[in-house]
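Raw contents of query25.txt, compact mmCIF, C-alpha atoms:
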# COMPACT_ATOMS: atom_id res chain seq x y z
CA MET A 529 135.89 114.12 93.96
CA ALA A 530 132.54 112.76 92.82
CA GLU A 531 130.68 115.01 90.47
CA SER A 532 127.06 114.85 89.44
CA ALA A 533 126.68 113.21 86.07
CA SER A 534 123.59 115.25 85.37
CA GLY A 535 123.90 118.33 87.52
CA GLY A 536 121.42 119.19 90.26
CA GLY A 537 121.31 117.91 93.82
CA SER A 538 122.31 114.67 95.46
CA THR A 539 118.87 113.14 94.85
CA GLU A 540 119.21 113.80 91.12
CA TYR A 541 122.72 112.33 91.23
CA ILE A 542 121.41 109.07 92.72
CA GLN A 543 118.43 108.92 90.39
CA HIS A 544 120.65 109.53 87.38
CA HIS A 545 122.93 106.63 88.35
CA LEU A 546 119.97 104.29 88.84
CA LYS A 547 118.37 104.90 85.44
CA HIS A 548 119.05 102.66 82.46
CA LEU A 549 119.87 103.49 78.89
CA GLN A 550 116.67 102.23 77.33
CA TRP A 551 115.19 101.44 73.95
CA HIS A 552 111.40 101.67 73.65
CA VAL A 553 110.15 99.20 71.05
CA GLY A 554 106.49 99.84 71.86
CA ASP A 555 104.10 101.17 74.47
CA GLY A 556 104.36 99.98 78.06
CA LYS A 557 107.15 98.85 80.38
CA PHE A 558 107.24 95.34 78.89
CA MET A 559 108.15 96.89 75.54
CA THR A 560 111.25 98.60 76.91
CA ILE A 561 114.75 97.12 76.63
CA ASN A 562 117.58 98.14 78.97
CA ILE A 563 120.23 98.51 76.29
CA ASP A 564 123.10 99.06 78.73
CA SER A 565 122.49 95.71 80.48
CA VAL A 566 122.19 93.89 77.15
CA ILE A 567 125.35 95.41 75.63
CA ILE A 568 127.53 94.93 78.72
CA THR A 569 126.32 91.33 79.11
CA LEU A 570 127.16 90.59 75.47
CA VAL A 571 130.59 92.22 75.77
CA LEU A 572 131.42 90.27 78.94
CA SER A 573 130.16 87.04 77.34
CA ALA A 574 132.39 87.64 74.32
CA LEU A 575 135.40 88.35 76.55
CA PHE A 576 134.75 85.17 78.54
CA LEU A 577 134.54 83.04 75.40
CA PHE A 578 137.57 84.69 73.81
CA PHE A 579 139.94 84.25 76.75
CA PHE A 580 138.81 80.76 77.72
CA LEU A 581 138.86 79.44 74.16
CA ARG A 582 142.23 81.09 73.56
CA THR A 583 143.59 79.53 76.73
CA ALA A 584 142.23 76.10 75.79
CA ARG A 585 143.80 76.25 72.33
CA LYS A 586 147.17 77.41 73.63
CA ALA A 587 147.24 75.12 76.68
CA THR A 588 150.50 73.23 77.05
CA ALA A 589 151.46 70.12 78.98
CA GLY A 590 154.55 71.86 80.30
CA VAL A 591 154.76 74.69 82.78
CA PRO A 592 151.57 76.75 82.27
CA GLY A 593 151.45 80.52 82.29
CA LYS A 594 149.75 82.51 85.04
CA PHE A 595 146.50 82.96 83.14
CA GLN A 596 146.34 79.31 82.13
CA THR A 597 147.01 78.33 85.74
CA GLY A 598 144.15 80.54 86.90
CA VAL A 599 141.78 79.11 84.29
CA GLU A 600 142.77 75.55 85.19
CA MET A 601 142.15 76.26 88.88
CA VAL A 602 138.66 77.60 88.17
CA VAL A 603 137.82 74.73 85.81
CA GLY A 604 139.10 72.11 88.26
CA PHE A 605 137.23 73.72 91.16
CA VAL A 606 133.92 73.83 89.28
CA ASP A 607 134.36 70.33 87.85
CA GLY A 608 135.00 68.91 91.32
CA LEU A 609 131.86 70.54 92.71
CA VAL A 610 129.75 69.26 89.82
CA ARG A 611 131.03 65.68 90.29
CA GLU A 612 130.05 65.81 93.96
CA THR A 613 126.68 67.48 93.45
CA PHE A 614 125.16 66.31 90.17
CA HIS A 615 124.05 62.67 90.14
CA GLY A 616 122.52 62.50 86.68
CA ARG A 617 124.00 61.74 83.27
CA SER A 618 125.06 64.78 81.31
CA LYS A 619 128.30 66.06 79.86
CA MET A 620 127.05 69.63 79.66
CA ILE A 621 126.59 70.26 83.39
CA ALA A 622 130.24 71.13 84.11
CA PRO A 623 130.56 73.54 81.12
CA LEU A 624 127.19 75.05 82.04
CA ALA A 625 128.23 75.54 85.67
CA LEU A 626 131.55 77.06 84.61
CA THR A 627 129.81 79.45 82.21
CA ILE A 628 127.28 80.53 84.82
CA PHE A 629 129.92 81.11 87.50
CA CYS A 630 132.30 83.06 85.29
CA LEU A 631 129.64 85.13 83.54
CA VAL A 632 127.79 86.05 86.72
CA PHE A 633 131.10 86.88 88.40
CA LEU A 634 132.13 89.14 85.51
CA MET A 635 128.77 90.93 85.56
CA ASN A 636 129.04 91.35 89.32
CA PHE A 637 132.64 92.54 89.03
CA MET A 638 131.52 95.58 87.02
CA ASP A 639 130.44 96.97 90.38
CA MET A 640 134.14 97.26 91.29
CA LEU A 641 134.63 100.05 88.75
CA PRO A 642 134.30 103.59 90.17
CA VAL A 643 130.69 104.65 89.90
CA ASP A 644 131.42 107.76 87.80
CA TRP A 645 133.96 106.35 85.33
CA LEU A 646 131.88 104.84 82.54
CA PRO A 647 128.65 106.79 83.26
CA GLY A 648 130.69 110.01 83.41
CA ALA A 649 132.42 109.20 80.13
CA TRP A 650 129.03 108.44 78.56
CA VAL A 651 127.67 111.80 79.75
CA LYS A 652 130.73 113.62 78.40
CA GLY A 653 130.46 111.81 75.08
CA ASN A 654 126.81 112.80 74.72
CA GLU A 655 127.66 116.39 75.62
CA LEU A 656 130.43 116.54 73.00
CA ALA A 657 128.06 115.02 70.45
CA GLY A 658 125.55 117.80 71.09
CA HIS A 659 123.04 115.66 72.97
CA ASP A 660 121.41 116.45 76.31
CA PRO A 661 123.83 115.17 79.03
CA HIS A 662 121.06 115.29 81.63
CA HIS A 663 119.38 112.34 79.90
CA ALA A 664 122.53 110.34 79.15
CA TYR A 665 121.89 107.34 81.38
CA LEU A 666 124.13 104.31 81.79
CA ARG A 667 124.21 101.52 84.37
CA ILE A 668 127.16 99.16 84.12
CA VAL A 669 126.20 96.31 86.49
CA PRO A 670 123.89 93.93 84.58
CA THR A 671 123.07 91.86 87.66
CA ALA A 672 121.78 94.99 89.41
CA ASP A 673 119.08 94.95 86.73
CA LEU A 674 116.10 92.78 87.68
CA ASN A 675 115.55 91.90 84.02
CA THR A 676 119.00 90.31 83.77
CA THR A 677 118.69 88.18 86.90
CA LEU A 678 115.15 87.16 85.92
CA GLY A 679 116.38 86.14 82.47
CA LEU A 680 119.15 84.01 83.96
CA SER A 681 116.70 82.41 86.39
CA LEU A 682 114.16 81.63 83.68
CA MET A 683 116.94 79.95 81.71
CA VAL A 684 117.64 77.75 84.75
CA PHE A 685 113.90 77.05 85.10
CA LEU A 686 113.68 75.86 81.49
CA LEU A 687 116.80 73.72 81.91
CA ILE A 688 115.22 72.05 84.96
CA GLN A 689 112.24 70.99 82.89
CA VAL A 690 114.42 69.81 79.99
CA PHE A 691 116.67 67.78 82.28
CA GLY A 692 113.71 66.26 84.10
CA ILE A 693 112.06 65.14 80.86
CA SER A 694 115.30 63.91 79.26
CA HIS A 695 116.24 61.78 82.29
CA LYS A 696 112.78 60.44 83.17
CA GLY A 697 110.73 60.66 80.02
CA ILE A 698 107.61 62.78 79.58
CA GLY A 699 105.34 60.15 81.18
CA LYS A 700 107.25 59.71 84.42
CA PHE A 701 108.06 63.42 84.64
CA THR A 702 104.37 64.30 84.41
CA ALA A 703 103.32 61.52 86.79
CA GLU A 704 105.72 62.75 89.50
CA ALA A 705 103.91 66.09 89.56
CA PHE A 706 100.80 64.25 90.84
CA THR A 707 102.42 61.59 93.06
CA ALA A 708 105.18 63.43 94.99
CA PRO A 709 105.91 64.47 97.70
CA PHE A 710 102.83 62.80 99.21
CA HIS A 711 102.97 59.15 98.17
CA ALA A 712 100.05 56.74 98.40
CA GLU A 713 99.47 53.06 97.66
CA GLY A 714 95.81 52.84 96.71
CA THR A 715 94.32 54.38 93.59
CA VAL A 716 91.74 56.36 95.56
CA MET A 717 94.37 57.96 97.82
CA LYS A 718 96.55 58.77 94.83
CA ILE A 719 93.63 60.60 93.23
CA LEU A 720 92.82 62.45 96.47
CA LEU A 721 96.43 63.53 97.00
CA ALA A 722 97.04 64.47 93.35
CA PRO A 723 95.75 68.11 93.65
CA ALA A 724 97.91 68.76 96.74
CA ASN A 725 100.96 67.25 95.07
CA LEU A 726 100.39 69.28 91.93
CA LEU A 727 99.95 72.50 93.92
CA LEU A 728 103.18 71.91 95.86
CA ARG A 729 105.01 71.08 92.64
CA VAL A 730 103.85 74.29 90.98
CA ILE A 731 104.87 76.34 94.04
CA GLU A 732 108.25 74.61 94.18
CA GLU A 733 108.95 75.23 90.50
CA LEU A 734 107.95 78.90 90.73
CA VAL A 735 109.89 79.60 93.92
CA ARG A 736 113.19 78.40 92.44
CA PRO A 737 113.58 81.07 89.70
CA LEU A 738 112.05 83.69 92.00
CA SER A 739 114.60 83.04 94.75
CA LEU A 740 117.49 82.97 92.25
CA THR A 741 116.30 86.25 90.75
CA LEU A 742 115.77 88.22 93.93
CA ARG A 743 118.87 86.96 95.78
CA LEU A 744 121.30 88.01 93.07
CA PHE A 745 119.48 91.21 92.19
CA GLY A 746 119.06 92.32 95.82
CA ASN A 747 122.72 91.88 96.71
CA MET A 748 124.05 93.60 93.61
CA TYR A 749 121.55 96.46 93.70
CA ALA A 750 122.39 97.13 97.35
CA GLY A 751 126.12 97.03 96.59
CA GLU A 752 125.73 99.45 93.70
CA LEU A 753 123.68 101.84 95.83
CA ILE A 754 126.23 101.81 98.66
CA PHE A 755 129.02 102.73 96.23
CA ILE A 756 126.89 105.64 95.01
CA LEU A 757 126.31 106.80 98.59
CA ILE A 758 130.04 106.60 99.32
CA ALA A 759 130.70 108.73 96.22
CA LEU A 760 128.26 111.31 97.58
CA MET A 761 130.48 111.90 100.63
CA THR A 762 132.59 114.33 98.55
CA TRP A 763 130.04 115.08 95.87
CA ASN A 764 130.53 118.58 94.39
CA SER A 765 133.10 119.32 97.11
CA LEU A 766 135.49 122.24 96.74
CA PHE A 767 139.16 122.18 97.71
CA SER A 768 138.61 125.48 99.49
CA SER A 769 136.14 123.87 101.88
CA GLY A 770 137.43 122.47 105.16
CA MET A 771 134.82 119.67 105.13
CA THR A 772 136.40 118.30 101.97
CA TYR A 773 139.56 117.39 103.89
CA VAL A 774 137.45 115.76 106.61
CA MET A 775 135.22 113.74 104.32
CA ALA A 776 137.85 112.70 101.77
CA PRO A 777 139.74 110.38 104.19
CA LEU A 778 136.43 108.96 105.41
CA GLN A 779 135.37 108.35 101.83
CA PHE A 780 138.65 106.59 101.05
CA ILE A 781 138.41 104.34 104.13
CA SER A 782 134.72 103.59 103.52
CA GLY A 783 135.34 102.83 99.86
CA PHE A 784 138.31 100.58 100.64
CA VAL A 785 136.45 98.61 103.33
CA TRP A 786 133.30 98.20 101.25
CA THR A 787 135.29 97.22 98.16
CA ALA A 788 137.18 94.53 100.09
CA PHE A 789 133.92 93.19 101.50
CA HIS A 790 132.06 93.45 98.20
CA ILE A 791 134.68 91.34 96.41
CA LEU A 792 133.59 88.51 98.69
CA VAL A 793 129.93 89.29 98.00
CA ILE A 794 130.22 89.23 94.21
CA THR A 795 132.21 85.98 94.29
CA LEU A 796 129.83 84.36 96.75
CA GLN A 797 126.76 85.36 94.75
CA ALA A 798 128.23 83.89 91.56
CA PHE A 799 129.08 80.70 93.47
CA ILE A 800 125.60 80.44 95.02
CA PHE A 801 123.86 80.96 91.68
CA MET A 802 126.02 78.27 90.10
CA MET A 803 125.61 75.78 92.94
CA LEU A 804 121.83 76.21 93.19
CA THR A 805 121.58 75.68 89.44
CA VAL A 806 123.54 72.42 89.70
CA VAL A 807 121.52 71.28 92.72
CA TYR A 808 118.20 72.02 91.01
CA LEU A 809 119.29 70.17 87.87
CA SER A 810 120.45 67.23 89.97
CA MET A 811 117.08 67.13 91.74
CA ALA A 812 115.29 67.25 88.38
CA ALA A 813 117.30 64.25 87.16
CA GLU A 814 116.54 62.15 90.26
CA SER A 815 113.43 60.01 90.59
CA HIS A 816 111.06 60.75 93.48
Encoding of this model in structure tokens:
Amino acid sequence: MAESASGGGSTEYIQHHLKHLQWHVGDGKFMTINIDSVIITLVLSALFLFFFLRTARKATAGVPGKFQTGVEMVVGFVDGLVRETFHGRSKMIAPLALTIFCLVFLMNFMDMLPVDWLPGAWVKGNELAGHDPHHAYLRIVPTADLNTTLGLSLMVFLLIQVFGISHKGIGKFTAEAFTAPFHAEGTVMKILLAPANLLLRVIEELVRPLSLTLRLFGNMYAGELIFILIALMTWNSLFSSGMTYVMAPLQFISGFVWTAFHILVITLQAFIFMMLTVVYLSMAAESH
């Protein structure tokens, strides 16, 4: 049965699960770091590098093991998509796409863990250490943190600019901001259309990271919240209560159905983030 990590009512239970373990390095919200998101992201990144590098070093030409087969399937799948989508010249696109897909998937997959496992263990650890368990916060899904998805999207935004400049040169890259999408022949018309082209270019460049950020964050935050609400179905229930035996089967069925559906969601969101990144980089490398 779900138990409140901090005591109190159901509202406190939800609020406790939605608060981050934070480190305040100064005054104001912009001087606050969500330590739980940072640590879990670093741990997942290290695990990804360890297992993929280990698999690459131990890869054999003979009959591969199950893990090597799985890695090869993912690598081949991503490489095929990149070859079909990216039309520029770069050897780093496929490794970049693979890293984005796997890392985002791993961060999303943390939502598959029962909502009270790690946060509950963190609360218990703080209690045993003599700290206040009511303020022992921990969120384990980095992509349900807006800061994480914004950071990933800003990375993609910077890569778009780098790829555009590296493929076109600084002169042509800058000129395109004033001459596309509205093209003109005469010098006067080019000058007249330049402000509109620049405005549309700025909007286009800003919308890309914004859409990447909100799409991934929205889906993962909603998924995390639904798991919390499912856990509340038997929250603080007693075995002596008849409602416990009514709600427990409903909780199991709801959790099973949502988990099965959410596996598709977390995979699809990782795929979409990867594909949009490749598409945006391909568009940046093309001349307009």
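Counting only C-alpha atoms, the residue from A:Asp564, A:Lys594, A:Ile621, A:Trp786 that sits nearest to A:Ile756 is A:Trp786.
Of the listed residues (A:Gly692, A:Gly590, A:Pro670, A:Pro723), A:Pro670 comes nearest to A:Tyr749; the distances count all atoms listed in the file.
Distance-wise, atom CA of A:Phe595 and atom CA of A:Leu804 end up 27.5 Å apart.
Distances here use only C-alpha atoms; by that measure, the residue among A:Ile791, A:Leu728, A:Thr627, A:Ile688 closest to A:Leu575 is A:Thr627.
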At what distance in Å, to one decimal, does atom CA of A:Leu744 lie from atom CA of A:Val632? 9.3 Å
Nearby residues (all atoms listed in the file) at most 9 Å from A:Gln779, same-chain spacing under 2 positions excluded, as a list in words: Ile758, Ala759, Leu760, Met761, Thr762, Met775, Ala776, Pro777, Ile781, Ser782, Gly783 and Phe784 of chain A
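The protein and nucleic acid residues lying at most 7 Å from A:Ile561 are Gln550, Trp551 and His552 of chain A, with all atoms listed in the file considered and sequence neighbours fewer than 5 positions away removed.
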Output the selection as an mmCIF file, in the frame of the given file - C-alpha atoms for each residue.
data_model
loop_
_atom_site.group_PDB
_atom_site.id
_atom_site.type_symbol
_atom_site.label_atom_id
_atom_site.label_comp_id
_atom_site.auth_asym_id
_atom_site.auth_seq_id
_atom_site.Cartn_x
_atom_site.Cartn_y
_atom_site.Cartn_z
ATOM 1 C CA GLN A 550 116.670 102.230 77.330
ATOM 2 C CA TRP A 551 115.190 101.440 73.950
ATOM 3 C CA HIS A 552 111.400 101.670 73.650
#
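Nearest residue to A:Ile668 among A:Asp639, A:Glu713, A:Glu600, A:Glu655 is A:Asp639, counting only C-alpha atoms.
Residue nearest A:Ala649 within the list A:Phe685, A:Phe633, A:Lys547, A:Leu666: A:Leu666 [criterion: smallest interatomic distance, all atoms listed in the file].
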Sphere at (118.7, 109.1, 88.5), radius 12 Å, counting only C-alpha atoms: residues as a ChimeraX atom specification: /A:532-549,647,662-667,753,756
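Computed from the coordinates, the atom CA of A:Val606 to atom CA of A:Pro592 distance equals 19.2 Å.
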Assuming the input is short of atoms at stretch 699-728 of chain A, produce N, CA and C atoms for that part as an mmCIF file, in the frame of the given file.
data_model
loop_
_atom_site.group_PDB
_atom_site.id
_atom_site.type_symbol
_atom_site.label_atom_id
_atom_site.label_comp_id
_atom_site.auth_asym_id
_atom_site.auth_seq_id
_atom_site.Cartn_x
_atom_site.Cartn_y
_atom_site.Cartn_z
ATOM 1 N N GLY A 699 106.370 60.817 80.380
ATOM 2 C CA GLY A 699 105.340 60.150 81.180
ATOM 3 C C GLY A 699 105.667 60.176 82.664
ATOM 4 N N LYS A 700 106.866 59.742 83.012
ATOM 5 C CA LYS A 700 107.250 59.710 84.420
ATOM 6 C C LYS A 700 107.395 61.113 84.995
ATOM 7 N N PHE A 701 107.905 62.035 84.183
ATOM 8 C CA PHE A 701 108.060 63.420 84.640
ATOM 9 C C PHE A 701 106.714 64.030 84.986
ATOM 10 N N THR A 702 105.715 63.773 84.153
ATOM 11 C CA THR A 702 104.370 64.300 84.410
ATOM 12 C C THR A 702 103.730 63.592 85.597
ATOM 13 N N ALA A 703 103.917 62.280 85.698
ATOM 14 C CA ALA A 703 103.320 61.520 86.790
ATOM 15 C C ALA A 703 103.842 61.968 88.142
ATOM 16 N N GLU A 704 105.132 62.330 88.223
ATOM 17 C CA GLU A 704 105.720 62.750 89.500
ATOM 18 C C GLU A 704 105.063 64.022 90.031
ATOM 19 N N ALA A 705 104.562 64.856 89.129
ATOM 20 C CA ALA A 705 103.910 66.090 89.560
ATOM 21 C C ALA A 705 102.638 65.797 90.352
ATOM 22 N N PHE A 706 102.038 64.605 90.149
ATOM 23 C CA PHE A 706 100.800 64.250 90.840
ATOM 24 C C PHE A 706 101.018 63.239 91.962
ATOM 25 N N THR A 707 102.203 62.666 92.070
ATOM 26 C CA THR A 707 102.420 61.590 93.060
ATOM 27 C C THR A 707 103.489 61.915 94.100
ATOM 28 N N ALA A 708 104.155 63.049 94.007
ATOM 29 C CA ALA A 708 105.180 63.430 94.990
ATOM 30 C C ALA A 708 104.916 64.892 95.397
ATOM 31 N N PRO A 709 105.181 65.238 96.676
ATOM 32 C CA PRO A 709 105.910 64.470 97.700
ATOM 33 C C PRO A 709 105.043 63.530 98.544
ATOM 34 N N PHE A 710 103.706 63.657 98.436
ATOM 35 C CA PHE A 710 102.830 62.800 99.210
ATOM 36 C C PHE A 710 102.552 61.518 98.424
ATOM 37 N N HIS A 711 103.125 60.423 98.878
ATOM 38 C CA HIS A 711 102.970 59.150 98.170
ATOM 39 C C HIS A 711 101.807 58.352 98.767
ATOM 40 N N ALA A 712 101.165 57.574 97.947
ATOM 41 C CA ALA A 712 100.050 56.740 98.400
ATOM 42 C C ALA A 712 100.093 55.422 97.648
ATOM 43 N N GLU A 713 99.480 54.393 98.273
ATOM 44 C CA GLU A 713 99.470 53.060 97.660
ATOM 45 C C GLU A 713 98.217 52.826 96.820
ATOM 46 N N GLY A 714 97.072 53.101 97.400
ATOM 47 C CA GLY A 714 95.810 52.840 96.710
ATOM 48 C C GLY A 714 95.506 53.879 95.639
ATOM 49 N N THR A 715 94.689 53.466 94.677
ATOM 50 C CA THR A 715 94.320 54.380 93.590
ATOM 51 C C THR A 715 93.511 55.556 94.093
ATOM 52 N N VAL A 716 92.596 55.287 95.033
ATOM 53 C CA VAL A 716 91.740 56.360 95.560
ATOM 54 C C VAL A 716 92.577 57.420 96.253
ATOM 55 N N MET A 717 93.528 57.003 97.101
ATOM 56 C CA MET A 717 94.370 57.960 97.820
ATOM 57 C C MET A 717 95.270 58.738 96.860
ATOM 58 N N LYS A 718 95.734 58.074 95.819
ATOM 59 C CA LYS A 718 96.550 58.770 94.830
ATOM 60 C C LYS A 718 95.758 59.889 94.161
ATOM 61 N N ILE A 719 94.485 59.591 93.869
ATOM 62 C CA ILE A 719 93.630 60.600 93.230
ATOM 63 C C ILE A 719 93.359 61.753 94.191
ATOM 64 N N LEU A 720 93.109 61.417 95.468
ATOM 65 C CA LEU A 720 92.820 62.450 96.470
ATOM 66 C C LEU A 720 94.029 63.351 96.736
ATOM 67 N N LEU A 721 95.220 62.754 96.706
ATOM 68 C CA LEU A 721 96.430 63.530 97.000
ATOM 69 C C LEU A 721 96.997 64.234 95.768
ATOM 70 N N ALA A 722 96.505 63.894 94.595
ATOM 71 C CA ALA A 722 97.040 64.470 93.350
ATOM 72 C C ALA A 722 96.958 66.001 93.317
ATOM 73 N N PRO A 723 95.804 66.638 93.699
ATOM 74 C CA PRO A 723 95.750 68.110 93.650
ATOM 75 C C PRO A 723 96.772 68.764 94.586
ATOM 76 N N ALA A 724 96.936 68.192 95.795
ATOM 77 C CA ALA A 724 97.910 68.760 96.740
ATOM 78 C C ALA A 724 99.321 68.616 96.205
ATOM 79 N N ASN A 725 99.634 67.460 95.634
ATOM 80 C CA ASN A 725 100.960 67.250 95.070
ATOM 81 C C ASN A 725 101.232 68.210 93.908
ATOM 82 N N LEU A 726 100.227 68.387 93.064
ATOM 83 C CA LEU A 726 100.390 69.280 91.930
ATOM 84 C C LEU A 726 100.596 70.727 92.388
ATOM 85 N N LEU A 727 99.823 71.138 93.402
ATOM 86 C CA LEU A 727 99.950 72.500 93.920
ATOM 87 C C LEU A 727 101.347 72.738 94.490
ATOM 88 N N LEU A 728 101.839 71.778 95.283
ATOM 89 C CA LEU A 728 103.180 71.910 95.860
ATOM 90 C C LEU A 728 104.245 71.915 94.771
#
